[in-house]
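Just entry07.cif here, mmCIF, C-alpha atoms:
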```cif
data_final
#
loop_
_atom_site.group_PDB
_atom_site.id
_atom_site.type_symbol
_atom_site.label_atom_id
_atom_site.label_comp_id
_atom_site.auth_asym_id
_atom_site.auth_seq_id
_atom_site.Cartn_x
_atom_site.Cartn_y
_atom_site.Cartn_z
ATOM 1 C CA MET A 271 0.000 0.000 0.000
ATOM 2 C CA SER A 272 1.415 3.396 -1.024
ATOM 3 C CA TYR A 273 1.281 5.855 1.858
ATOM 4 C CA MET A 274 1.644 8.805 -0.513
ATOM 5 C CA LYS A 275 -1.288 7.571 -2.587
ATOM 6 C CA GLU A 276 -3.490 7.301 0.496
ATOM 7 C CA PHE A 277 -2.612 10.877 1.419
ATOM 8 C CA THR A 278 -2.910 12.545 -1.983
ATOM 9 C CA LYS A 279 -6.078 10.858 -3.245
ATOM 10 C CA GLY A 280 -8.309 13.120 -1.160
ATOM 11 C CA LEU A 281 -6.681 16.333 -2.355
ATOM 12 C CA ILE A 282 -7.952 16.260 -5.943
ATOM 13 C CA LYS A 283 -8.684 12.810 -7.394
ATOM 14 C CA GLU A 284 -11.192 11.854 -4.666
ATOM 15 C CA ASN A 285 -11.825 15.295 -3.198
ATOM 16 C CA PRO A 286 -14.822 14.811 -0.881
ATOM 17 C CA ASN A 287 -16.437 18.108 -1.883
ATOM 18 C CA LEU A 288 -15.581 18.713 -5.497
ATOM 19 C CA VAL A 289 -15.484 15.126 -6.795
ATOM 20 C CA MET A 290 -17.575 12.930 -4.487
ATOM 21 C CA LEU A 291 -19.960 15.806 -3.622
ATOM 22 C CA LEU A 292 -20.052 15.015 0.095
ATOM 23 C CA GLY A 293 -20.442 17.506 2.922
ATOM 24 C CA MET A 294 -22.429 19.948 0.813
ATOM 25 C CA CYS A 295 -24.405 21.389 3.737
ATOM 26 C CA PRO A 296 -21.472 22.942 5.662
ATOM 27 C CA THR A 297 -19.770 23.826 2.389
ATOM 28 C CA LEU A 298 -22.633 26.044 1.293
ATOM 29 C CA ALA A 299 -23.448 27.339 4.766
ATOM 30 C CA VAL A 300 -20.106 28.512 6.162
ATOM 31 C CA THR A 301 -18.228 29.650 3.053
ATOM 32 C CA THR A 302 -19.481 33.233 3.052
ATOM 33 C CA MET A 303 -15.942 34.053 4.226
ATOM 34 C CA ALA A 304 -12.632 32.329 3.543
ATOM 35 C CA GLU A 305 -11.819 32.450 7.266
ATOM 36 C CA ASN A 306 -14.944 30.464 8.114
ATOM 37 C CA GLY A 307 -14.062 27.890 5.456
ATOM 38 C CA LEU A 308 -10.564 27.536 6.892
ATOM 39 C CA GLY A 309 -11.893 27.103 10.422
ATOM 40 C CA MET A 310 -14.492 24.519 9.447
ATOM 41 C CA GLY A 311 -11.994 22.659 7.270
ATOM 42 C CA LEU A 312 -9.319 22.422 9.961
ATOM 43 C CA ALA A 313 -11.858 21.377 12.588
ATOM 44 C CA THR A 314 -13.156 18.649 10.291
ATOM 45 C CA THR A 315 -9.618 17.536 9.454
ATOM 46 C CA PHE A 316 -8.752 17.174 13.143
ATOM 47 C CA VAL A 317 -11.869 15.084 13.778
ATOM 48 C CA LEU A 318 -11.212 12.986 10.656
ATOM 49 C CA VAL A 319 -7.632 12.147 11.605
ATOM 50 C CA CYS A 320 -8.377 11.414 15.262
ATOM 51 C CA SER A 321 -11.509 9.356 14.597
ATOM 52 C CA ASN A 322 -9.775 7.348 11.867
ATOM 53 C CA LEU A 323 -6.907 6.667 14.267
ATOM 54 C CA VAL A 324 -9.126 5.443 17.096
ATOM 55 C CA ILE A 325 -11.469 3.443 14.859
ATOM 56 C CA SER A 326 -8.541 1.725 13.168
ATOM 57 C CA LEU A 327 -7.105 0.783 16.570
ATOM 58 C CA LEU A 328 -10.456 -0.564 17.780
ATOM 59 C CA LYS A 329 -11.640 -2.208 14.552
ATOM 60 C CA LYS A 330 -11.233 -5.717 15.986
ATOM 61 C CA VAL A 331 -12.925 -4.803 19.263
ATOM 62 C CA ILE A 332 -16.053 -3.050 18.023
ATOM 63 C CA PRO A 333 -18.853 -5.574 17.268
ATOM 64 C CA ASP A 334 -20.371 -5.369 13.802
ATOM 65 C CA THR A 335 -23.875 -5.121 15.258
ATOM 66 C CA VAL A 336 -23.146 -1.765 16.926
ATOM 67 C CA ARG A 337 -20.441 -0.537 14.577
ATOM 68 C CA LEU A 338 -22.168 2.642 13.404
ATOM 69 C CA PRO A 339 -23.272 3.831 16.885
ATOM 70 C CA CYS A 340 -19.724 3.290 18.137
ATOM 71 C CA PHE A 341 -18.337 5.329 15.275
ATOM 72 C CA ILE A 342 -20.719 8.182 16.068
ATOM 73 C CA VAL A 343 -19.774 8.144 19.761
ATOM 74 C CA ILE A 344 -16.057 8.290 18.912
ATOM 75 C CA ILE A 345 -16.563 11.106 16.408
ATOM 76 C CA ALA A 346 -18.830 13.020 18.797
ATOM 77 C CA GLY A 347 -16.138 12.927 21.474
ATOM 78 C CA PHE A 348 -13.618 14.650 19.209
ATOM 79 C CA VAL A 349 -16.219 17.131 17.962
ATOM 80 C CA THR A 350 -16.998 18.066 21.567
ATOM 81 C CA PHE A 351 -13.287 18.625 22.204
ATOM 82 C CA VAL A 352 -12.988 20.863 19.127
ATOM 83 C CA SER A 353 -16.096 22.821 20.150
ATOM 84 C CA ILE A 354 -14.707 23.469 23.626
ATOM 85 C CA MET A 355 -11.352 24.598 22.227
ATOM 86 C CA LEU A 356 -12.961 26.983 19.741
ATOM 87 C CA ASP A 357 -15.342 28.371 22.358
ATOM 88 C CA THR A 358 -12.381 29.029 24.635
ATOM 89 C CA PHE A 359 -9.754 30.385 22.243
ATOM 90 C CA LEU A 360 -11.670 31.457 19.107
ATOM 91 C CA PRO A 361 -15.172 32.437 20.245
ATOM 92 C CA ASP A 362 -15.870 34.584 17.171
ATOM 93 C CA LEU A 363 -15.103 31.702 14.815
ATOM 94 C CA SER A 364 -17.136 29.325 16.955
ATOM 95 C CA GLU A 365 -20.105 31.693 16.773
ATOM 96 C CA ALA A 366 -19.701 32.088 13.004
ATOM 97 C CA LEU A 367 -19.705 28.316 12.436
ATOM 98 C CA GLY A 368 -22.665 27.920 14.768
ATOM 99 C CA VAL A 369 -24.594 24.672 14.681
ATOM 100 C CA PHE A 370 -22.561 23.369 11.741
ATOM 101 C CA LEU A 371 -19.629 22.814 14.093
ATOM 102 C CA SER A 372 -21.667 20.320 16.119
ATOM 103 C CA LEU A 373 -23.011 18.739 12.942
ATOM 104 C CA ILE A 374 -19.486 17.543 12.096
ATOM 105 C CA THR A 375 -20.531 14.515 14.164
ATOM 106 C CA VAL A 376 -22.843 13.317 11.391
ATOM 107 C CA ASN A 377 -20.836 14.667 8.477
ATOM 108 C CA CYS A 378 -21.035 12.028 5.752
ATOM 109 C CA ILE A 379 -17.360 12.526 4.920
ATOM 110 C CA ILE A 380 -16.237 11.441 8.397
ATOM 111 C CA LEU A 381 -18.727 8.597 8.732
ATOM 112 C CA GLY A 382 -17.940 7.478 5.199
ATOM 113 C CA ARG A 383 -14.173 7.276 5.793
ATOM 114 C CA ALA A 384 -14.736 5.472 9.086
ATOM 115 C CA GLU A 385 -16.998 2.889 7.450
ATOM 116 C CA MET A 386 -15.165 2.477 4.157
ATOM 117 C CA PHE A 387 -11.531 2.829 5.195
ATOM 118 C CA ALA A 388 -10.561 3.196 8.866
ATOM 119 C CA CYS A 389 -12.381 0.082 10.083
ATOM 120 C CA LYS A 390 -10.704 -2.018 7.360
ATOM 121 C CA ASN A 391 -7.135 -0.730 7.342
ATOM 122 C CA LYS A 392 -4.136 -0.236 9.602
ATOM 123 C CA VAL A 393 -3.397 2.858 11.655
ATOM 124 C CA ILE A 394 -0.918 4.746 9.462
ATOM 125 C CA PRO A 395 -2.922 4.437 6.208
ATOM 126 C CA SER A 396 -6.052 5.457 8.135
ATOM 127 C CA ILE A 397 -4.341 8.566 9.510
ATOM 128 C CA LEU A 398 -3.055 9.529 6.059
ATOM 129 C CA ASP A 399 -6.483 8.909 4.538
ATOM 130 C CA GLY A 400 -8.110 11.194 7.104
ATOM 131 C CA LEU A 401 -5.436 13.858 6.690
ATOM 132 C CA GLY A 402 -5.665 13.855 2.894
ATOM 133 C CA MET A 403 -9.463 13.923 2.846
ATOM 134 C CA GLY A 404 -9.509 16.642 5.494
ATOM 135 C CA LEU A 405 -7.025 18.859 3.670
ATOM 136 C CA GLY A 406 -8.897 18.348 0.394
ATOM 137 C CA PHE A 407 -12.105 19.389 2.152
ATOM 138 C CA THR A 408 -10.332 22.391 3.702
ATOM 139 C CA CYS A 409 -8.899 23.559 0.391
ATOM 140 C CA SER A 410 -12.287 23.373 -1.312
ATOM 141 C CA LEU A 411 -13.897 25.399 1.488
ATOM 142 C CA ILE A 412 -11.164 28.045 1.308
ATOM 143 C CA VAL A 413 -11.447 28.373 -2.471
ATOM 144 C CA VAL A 414 -15.251 28.657 -2.433
ATOM 145 C CA GLY A 415 -15.155 30.981 0.573
ATOM 146 C CA ALA A 416 -12.468 33.218 -0.946
ATOM 147 C CA VAL A 417 -14.373 33.586 -4.226
ATOM 148 C CA ARG A 418 -17.650 34.357 -2.469
ATOM 149 C CA GLU A 419 -16.037 36.797 -0.052
ATOM 150 C CA LEU A 420 -14.121 38.584 -2.817
ATOM 151 C CA LEU A 421 -17.098 38.975 -5.147
ATOM 152 C CA GLY A 422 -19.593 39.593 -2.357
ATOM 153 C CA THR A 423 -17.659 42.008 -0.143
ATOM 154 C CA GLY A 424 -14.447 42.893 -1.970
ATOM 155 C CA LYS A 425 -12.369 41.263 0.768
ATOM 156 C CA ILE A 426 -10.363 38.083 1.335
ATOM 157 C CA PHE A 427 -9.760 36.941 4.922
ATOM 158 C CA GLY A 428 -11.231 40.277 6.022
ATOM 159 C CA MET A 429 -8.720 42.381 4.070
ATOM 160 C CA ASN A 430 -9.841 44.790 1.358
ATOM 161 C CA VAL A 431 -8.370 43.691 -1.984
ATOM 162 C CA ALA A 432 -10.889 44.967 -4.548
ATOM 163 C CA PRO A 433 -10.611 48.491 -6.000
ATOM 164 C CA ASP A 434 -13.073 51.032 -4.629
ATOM 165 C CA PHE A 435 -14.733 51.553 -8.003
ATOM 166 C CA ILE A 436 -15.870 47.900 -8.135
ATOM 167 C CA GLU A 437 -19.212 47.419 -6.441
ATOM 168 C CA PRO A 438 -19.466 44.133 -4.447
ATOM 169 C CA MET A 439 -22.198 41.738 -5.551
ATOM 170 C CA THR A 440 -24.098 40.836 -2.404
ATOM 171 C CA ILE A 441 -25.709 37.811 -4.060
ATOM 172 C CA PHE A 442 -22.442 35.882 -3.683
ATOM 173 C CA ILE A 443 -22.723 35.831 0.102
ATOM 174 C CA LEU A 444 -26.321 34.607 -0.150
ATOM 175 C CA PRO A 445 -27.330 30.943 -0.648
ATOM 176 C CA ALA A 446 -27.807 31.387 -4.396
ATOM 177 C CA GLY A 447 -24.252 32.683 -4.705
ATOM 178 C CA GLY A 448 -22.986 29.679 -2.784
ATOM 179 C CA PHE A 449 -24.595 27.221 -5.200
ATOM 180 C CA PHE A 450 -23.335 29.162 -8.220
ATOM 181 C CA THR A 451 -19.772 29.461 -6.915
ATOM 182 C CA LEU A 452 -19.551 25.808 -5.897
ATOM 183 C CA GLY A 453 -20.847 24.708 -9.289
ATOM 184 C CA CYS A 454 -18.267 26.856 -11.082
ATOM 185 C CA VAL A 455 -15.407 25.530 -8.949
ATOM 186 C CA ILE A 456 -16.498 21.929 -9.592
ATOM 187 C CA ALA A 457 -16.701 22.639 -13.332
ATOM 188 C CA VAL A 458 -13.234 24.219 -13.418
ATOM 189 C CA LEU A 459 -11.725 21.281 -11.523
ATOM 190 C CA GLY A 460 -13.404 18.876 -13.915
ATOM 191 C CA VAL A 461 -11.879 20.639 -16.920
ATOM 192 C CA ILE A 462 -8.417 20.752 -15.340
ATOM 193 C CA THR A 463 -8.370 17.085 -14.343
ATOM 194 C CA ARG A 464 -10.101 15.674 -17.422
ATOM 195 C CA LYS A 465 -7.939 13.124 -19.177
ATOM 196 C CA LYS A 466 -7.704 13.011 -22.933
ATOM 197 C CA PRO A 467 -8.695 9.637 -24.469
ATOM 198 C CA LYS A 468 -5.794 7.539 -25.624
ATOM 199 C CA LYS A 469 -5.439 7.038 -29.352
ATOM 200 C CA ILE A 470 -5.064 3.510 -30.660
ATOM 201 C CA ASP A 471 -3.446 3.082 -34.067
ATOM 202 C CA CYS A 472 -3.574 0.079 -36.383
ATOM 203 C CA ALA A 473 -0.483 -1.459 -34.830
ATOM 204 C CA GLY A 474 -2.305 -1.965 -31.559
ATOM 205 C CA CYS A 475 -5.575 -3.216 -33.021
ATOM 206 C CA PRO A 476 -6.289 -6.948 -32.501
ATOM 207 C CA ALA A 477 -8.286 -7.031 -35.767
ATOM 208 C CA ARG A 478 -5.473 -5.505 -37.791
ATOM 209 C CA GLU A 479 -4.948 -8.606 -39.980
ATOM 210 C CA SER A 480 -8.616 -8.846 -40.953
ATOM 211 C CA CYS A 481 -8.956 -5.159 -41.797
ATOM 212 C CA SER A 482 -9.167 -4.603 -45.558
ATOM 213 C CA LYS A 483 -7.473 -1.178 -45.517
ATOM 214 C CA PRO A 484 -5.489 -0.874 -42.298
ATOM 215 C CA GLU A 485 -3.345 1.923 -43.701
ATOM 216 C CA LYS A 486 -6.410 4.216 -43.925
ATOM 217 C CA ALA A 487 -7.892 3.413 -40.535
ATOM 218 C CA GLU A 488 -7.968 6.394 -38.255
ATOM 219 C CA GLY A 489 -7.121 6.247 -34.548
ATOM 220 C CA VAL A 490 -9.943 6.583 -32.032
#
```

What is this file in structure tokens?
Amino acid sequence: MSYMKEFTKGLIKENPNLVMLLGMCPTLAVTTMAENGLGMGLATTFVLVCSNLVISLLKKVIPDTVRLPCFIVIIAGFVTFVSIMLDTFLPDLSEALGVFLSLITVNCIILGRAEMFACKNKVIPSILDGLGMGLGFTCSLIVVGAVRELLGTGKIFGMNVAPDFIEPMTIFILPAGGFFTLGCVIAVLGVITRKKPKKIDCAGCPARESCSKPEKAEGV
């Protein structure tokens, strides 16, 4: 098993937001500002890594009949820890994330990685899987949040970057702007990562001998 592959797959190839379309609710709700996207992404990454670690360690102890409830209890414990830390040290961010911070407990990204990967693999691959998926989720939130904040308020991370003569478009910090921005980001990623089909010439065709005019056959 390639450790690097387990880490990098969640960044682009299997990005939970932009490719697998998971975790859409917090993505659309908290990305009115890039700072909120960063906070939610890092909080989710911490919970992903820690829950994957514990679930991988306990995979032979947890009975199959209560597997899902056990996963939720483990995840909820780390979410509670994150909530307490944010309330104590970053109260403004905690207030901005609101109920979506607590809803990390039932985030389909975390439950999905626990069910599909952590409970079936060893500790190190599970940690790298959680870290890669979490960072991919964080990057997507930052990108969507930065675009919405820039177009909607003329700022990025609270700093004015747009010229004064450009009027901010408030729609981008509204729900409709969130859907539009996310769709555009997904489309751009799809274009960037799209692979060109391989061309097969006559030399590689198994029916080459039976073809009447192989020299005129075009590649596909």

I need every residue sitting at most 8 Å from the point (-12.6, 12.1, 13.2) (coordinates as in the file, all atoms listed in the file considered), written as an NGL selection string. :A and (314-323 or 344-345 or 348-349 or 380 or 400)

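Atom CA of Thr451 of chain A is found 15.9 Å from atom CA of Thr408 of chain A.
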
My list of candidates is A:Arg418, A:Arg383, A:Lys465, A:Lys425. Which is closest to Thr297 of chain A when distances are computed with only C-alpha atoms? A:Arg418

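The residues caught by the PyMOL selection byres ((chain A and resi 327-341) around 10) in this file are A:Ser321, A:Asn322, A:Leu323, A:Val324, A:Ile325, A:Ser326, A:Ile342, A:Val343, A:Ile344, A:Ile345, A:Ala346, A:Thr375, A:Val376, A:Ile380, A:Leu381, A:Ala384, A:Glu385, A:Ala388, A:Cys389, A:Lys390, A:Asn391, A:Lys392, A:Val393, A:Ser396.
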
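The closest residue to Gly368 of chain A, picked from A:Thr440, A:Leu420, A:Pro395, A:Gly309 and counting all atoms listed in the file, is A:Gly309.
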
If we count all atoms listed in the file and set the cut-off at 12 Å, which residues sit around Ile436 of chain A, ignoring sequence neighbours fewer than 6 positions away in its own chain? Please answer as a list in words. Leu420, Leu421, Gly422, Thr423, Gly424, Lys425 and Asn430 of chain A

Near Ile456 of chain A, within 8 Å and counting all atoms listed in the file, which residues show up once chain neighbours fewer than 3 positions away are dropped, as JSON, numbers by chain? {"A": [288, 289, 452, 453, 459, 460]}

Quick one: write out the picked residues with C-alpha atoms as a PDB file, keeping the file's coordinate frame?
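Just written: out-v1.pdb:
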```
ATOM      1  CA  LEU A 288     -15.581  18.713  -5.497  1.00  0.00           C
ATOM      2  CA  VAL A 289     -15.484  15.126  -6.795  1.00  0.00           C
ATOM      3  CA  LEU A 452     -19.551  25.808  -5.897  1.00  0.00           C
ATOM      4  CA  GLY A 453     -20.847  24.708  -9.289  1.00  0.00           C
ATOM      5  CA  LEU A 459     -11.725  21.281 -11.523  1.00  0.00           C
ATOM      6  CA  GLY A 460     -13.404  18.876 -13.915  1.00  0.00           C
TER       7      GLY A 460
END
```

For this file, the PyMOL selection byres ((chain A and resi 413) around 12) selects which residues, as number ranges by chain? A: 287-288, 297, 301-308, 311, 406-412, 414-420, 426-427, 448, 451-452, 454-456, 458-459

Using Å and a single decimal, report how far atom CA of Cys378 of chain A sits from atom CA of Leu291 of chain A. 10.2 Å

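Put simply, atom CA of Tyr273 of chain A is 21.1 Å away from atom CA of Met290 of chain A.
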
Please determine an axis-aligned box that encloses all atoms of segment 384-396 of chain A listed in the file, with 5 Å added on each side, and express its centre and edge lengths in Å to one decimal as AutoDock Vina command-line options.
```
--center_x -9.0 --center_y 1.7 --center_z 7.9 --size_x 26.1 --size_y 17.5 --size_z 17.5
```

Find, counting all atoms listed in the file, the residue in A:Lys279, A:Gly404, A:Met429, A:Pro296 that gets nearest to Ser372 of chain A. A:Pro296

Which residue out of A:Ile282, A:Cys295, A:Ile397, A:Leu312 has the minimum interatomic distance to Phe449 of chain A when only C-alpha atoms are used? A:Cys295

For a quick check of understanding, using only C-alpha atoms, which of A:Glu276, A:Glu365, A:Asp357, A:Glu437 has the smallest distance to Ile394 of chain A? A:Glu276
